[in-house]
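Take a look at the structure set out below.
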Amino acid sequence: MIVSVTVATILFAYLPARSNLEILMLLGTALLFGAIGFVDDFIKVVMKRNLGLSAKQKFLAQLFVSIISTVSLNYMGYLNGEIMIPFVDRMIDIGLWIIPFIVFVQLAMVNSVNLTDGLDGLASTVTLIAGLFLTIVAFLMRETAVAVFIGAVSGSCLAFLVFNAHPAKVFMGDTGSLFLGGAVAAAAIALKLPFILIIIGGVYLVETLSVIIQVVSFKLTGKRVFKMSPIHHHFEMCGMNETKIVLLFSGATVVLCVLAFISIMGIFF
């Protein structure tokens, strides 16, 4: 996935009259997050240390990448404080608050996609649908560079599903999930639509909330709300097979993407 997206992005960026620094910065953000996942996977698989990076090490690395990405985008003028509010049809300018906000968005997104990657084809299918939505929106907004980048990401997910659909022959690991999370976050940020991730990434959000609820409930009461978290494992332990869970979550993502398009339709028509 990473190789195909990188090749497609670089080829587009250096076509005559289409050189575009923005698309390379989006790719760089996704690659840096993927690199964190690679180190984690390398420690687990090659060095035979099951825990990989500690939670603190992984978070600090993600925080560093998020800050570098956000500050770079802001410095180059691709991030100027303006963001679109869904259902309101207008931009708001939050000034320099855009930097901590976007850092938070990137951290939340990469970890949410990472949590979603727990069943055969789940993360790749949900990300394929969310990516296609962002591709269409980018084309309508005439943000060709962003459309090419996130379109390549969607295409890589589709190709990966050939091997990752149940029963999976290949797994993306943290390398793939952190790369995909970084790519989707970067595309939405470049389109000034970070809030749209709450809608199109509803599955990611629910997966993350299920983990938070489970941990808080167990620490406060000693009881678990779900049989297992993230929530896709709860459905699995309730007797639903992997394919049905993936179809359910994918269908929900399609519906959420339609709702998301309605929420920003005013900027196109």
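Just so we're on the same page: first chain in the structure tokens is A, next is B, and so on; residues restart at 1 for each chain, and ligands are numbered from 1 in the order they show up.
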Just the alpha helix (DSSP H) stuff from segment 147-221 of chain A, please, per backbone DSSP, written as JSON, numbers by chain.
{"A": [147, 148, 149, 150, 151, 152, 153, 154, 155, 156, 157, 158, 159, 160, 161, 162, 163, 164, 173, 174, 175, 176, 177, 178, 179, 180, 181, 182, 183, 184, 185, 186, 187, 188, 189, 190, 196, 197, 198, 199, 200, 202, 203, 204, 205, 206, 207, 208, 209, 210, 211, 212, 213, 214, 215, 216, 217, 218, 219, 220, 221]}
Please report, as JSON lines, each residue of segment 16-39 of chain A lying at most 9 Å from segment 43-60 of chain A, together with the nearest pair of atoms and the separation in Å rounded to one decimal; use only C-alpha atoms, and order rows by chain and ascending residue number.
```
{"residue": "A:Ile36", "atom": "CA", "partner": "A:Lys58", "partner_atom": "CA", "distance": 7.2}
{"residue": "A:Gly37", "atom": "CA", "partner": "A:Lys58", "partner_atom": "CA", "distance": 8.5}
{"residue": "A:Phe38", "atom": "CA", "partner": "A:Ile43", "partner_atom": "CA", "distance": 8.5}
{"residue": "A:Val39", "atom": "CA", "partner": "A:Ile43", "partner_atom": "CA", "distance": 6.2}
```
Using only C-alpha atoms, determine which residues lie at most 12 Å from Lys227 of chain A, disregarding the query and same-chain residues fewer than 4 positions distant; provide the list as a ChimeraX atom specification.
/A:210-211,214,218,223,231-239
Against segment 88-93 of chain A, which residues of segment 212-263 of chain A fall within 12 Å? For each one I want the closest pair of atoms and the distance in Å (one decimal), counting only C-alpha atoms, rows by chain and increasing residue number, as CSV.
```
residue,atom,partner,partner_atom,distance
A:Phe261,CA,A:Asp89,CA,11.5
A:Ile262,CA,A:Asp89,CA,10.4
A:Ser263,CA,A:Val88,CA,7.7
```
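These are the residues of segment 82-230 of chain A assigned strand (DSSP E or B) by DSSP from backbone coordinates: A:Glu82, A:Ile83, A:Met84, A:Ile85, A:Arg90, A:Met91, A:Ile92, A:Asp93.
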Save the residues we just selected, C-alpha atoms, as a compact mmCIF listing (two decimals), in the first residue's frame?
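Written out: out-v2.txt:
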```
# COMPACT_ATOMS: atom_id res chain seq x y z
CA GLU A 82 -9.65 28.44 8.55
CA ILE A 83 -11.81 25.34 8.90
CA MET A 84 -15.21 24.42 7.49
CA ILE A 85 -18.04 23.66 9.90
CA ARG A 90 -19.18 28.66 6.29
CA MET A 91 -15.56 28.86 7.31
CA ILE A 92 -14.42 29.98 10.74
CA ASP A 93 -10.94 31.29 11.53
```
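Residue nearest Thr9 of chain A, chosen from A:Ile67, A:Ala147, A:Leu73, A:Leu96 and counting only C-alpha atoms: A:Ala147.
Taking atom CA of Leu79 of chain A and atom CA of Thr125 of chain A as the two end points, the separation is 29.0 Å.
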Compile the contact shell of Leu161 of chain A as a PyMOL selection string: residues with an atom at most 12 Å away, counting only C-alpha atoms, same-chain residues fewer than 6 positions apart removed.
chain A and resi 1+120-128+154-155+167-172+246
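Note that the spacing between atom CA of Ala145 of chain A and atom CA of Ile23 of chain A amounts to 5.5 Å.
With only C-alpha atoms as the atoms that count, the minimum distance from Gln62 of chain A to the choices A:Ser112, A:Val5, A:Thr144, A:Leu178 is reached by A:Leu178.
Atom pair atom CA of Ile196 of chain A / atom CA of Ala159 of chain A: separated by 25.4 Å.
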Of A:Leu27, A:Leu115, A:Ile245, A:Val254, the one sitting nearest Glu207 of chain A when using only C-alpha atoms is A:Leu115
Spatial neighbours of Leu197 of chain A, 8 Å, only C-alpha atoms, chain gap at least 4 places, as a PDB file with all heavy atoms, in the first residue's frame:
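Here's the written file part-v6.pdb:
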```pdb
ATOM      1  N   ALA A 185      -6.268  11.713   7.733  1.00  0.00           N
ATOM      2  CA  ALA A 185      -6.233  12.961   8.508  1.00  0.00           C
ATOM      3  C   ALA A 185      -5.615  14.086   7.692  1.00  0.00           C
ATOM      4  O   ALA A 185      -6.155  15.200   7.645  1.00  0.00           O
ATOM      5  CB  ALA A 185      -5.441  12.745   9.799  1.00  0.00           C
ATOM      6  N   ALA A 188      -8.055  15.374   4.923  1.00  0.00           N
ATOM      7  CA  ALA A 188      -9.161  16.171   5.464  1.00  0.00           C
ATOM      8  C   ALA A 188      -8.674  17.537   5.935  1.00  0.00           C
ATOM      9  O   ALA A 188      -9.349  18.561   5.745  1.00  0.00           O
ATOM     10  CB  ALA A 188      -9.819  15.424   6.623  1.00  0.00           C
ATOM     11  N   LEU A 193     -11.331  20.466   6.232  1.00  0.00           N
ATOM     12  CA  LEU A 193     -12.519  19.745   6.684  1.00  0.00           C
ATOM     13  C   LEU A 193     -12.209  18.756   7.813  1.00  0.00           C
ATOM     14  O   LEU A 193     -12.671  17.606   7.784  1.00  0.00           O
ATOM     15  CB  LEU A 193     -13.149  18.978   5.512  1.00  0.00           C
ATOM     16  CG  LEU A 193     -13.832  19.800   4.425  1.00  0.00           C
ATOM     17  CD1 LEU A 193     -14.172  18.919   3.233  1.00  0.00           C
ATOM     18  CD2 LEU A 193     -15.098  20.460   4.978  1.00  0.00           C
ATOM     19  N   GLY A 201     -15.732   9.274   9.751  1.00  0.00           N
ATOM     20  CA  GLY A 201     -14.975   8.347  10.585  1.00  0.00           C
ATOM     21  C   GLY A 201     -15.757   7.895  11.803  1.00  0.00           C
ATOM     22  O   GLY A 201     -15.177   7.578  12.843  1.00  0.00           O
ATOM     23  N   GLY A 202     -17.066   7.822  11.653  1.00  0.00           N
ATOM     24  CA  GLY A 202     -17.917   7.408  12.767  1.00  0.00           C
ATOM     25  C   GLY A 202     -17.533   6.047  13.325  1.00  0.00           C
ATOM     26  O   GLY A 202     -17.571   5.830  14.544  1.00  0.00           O
TER      27      GLY A 202
END
```
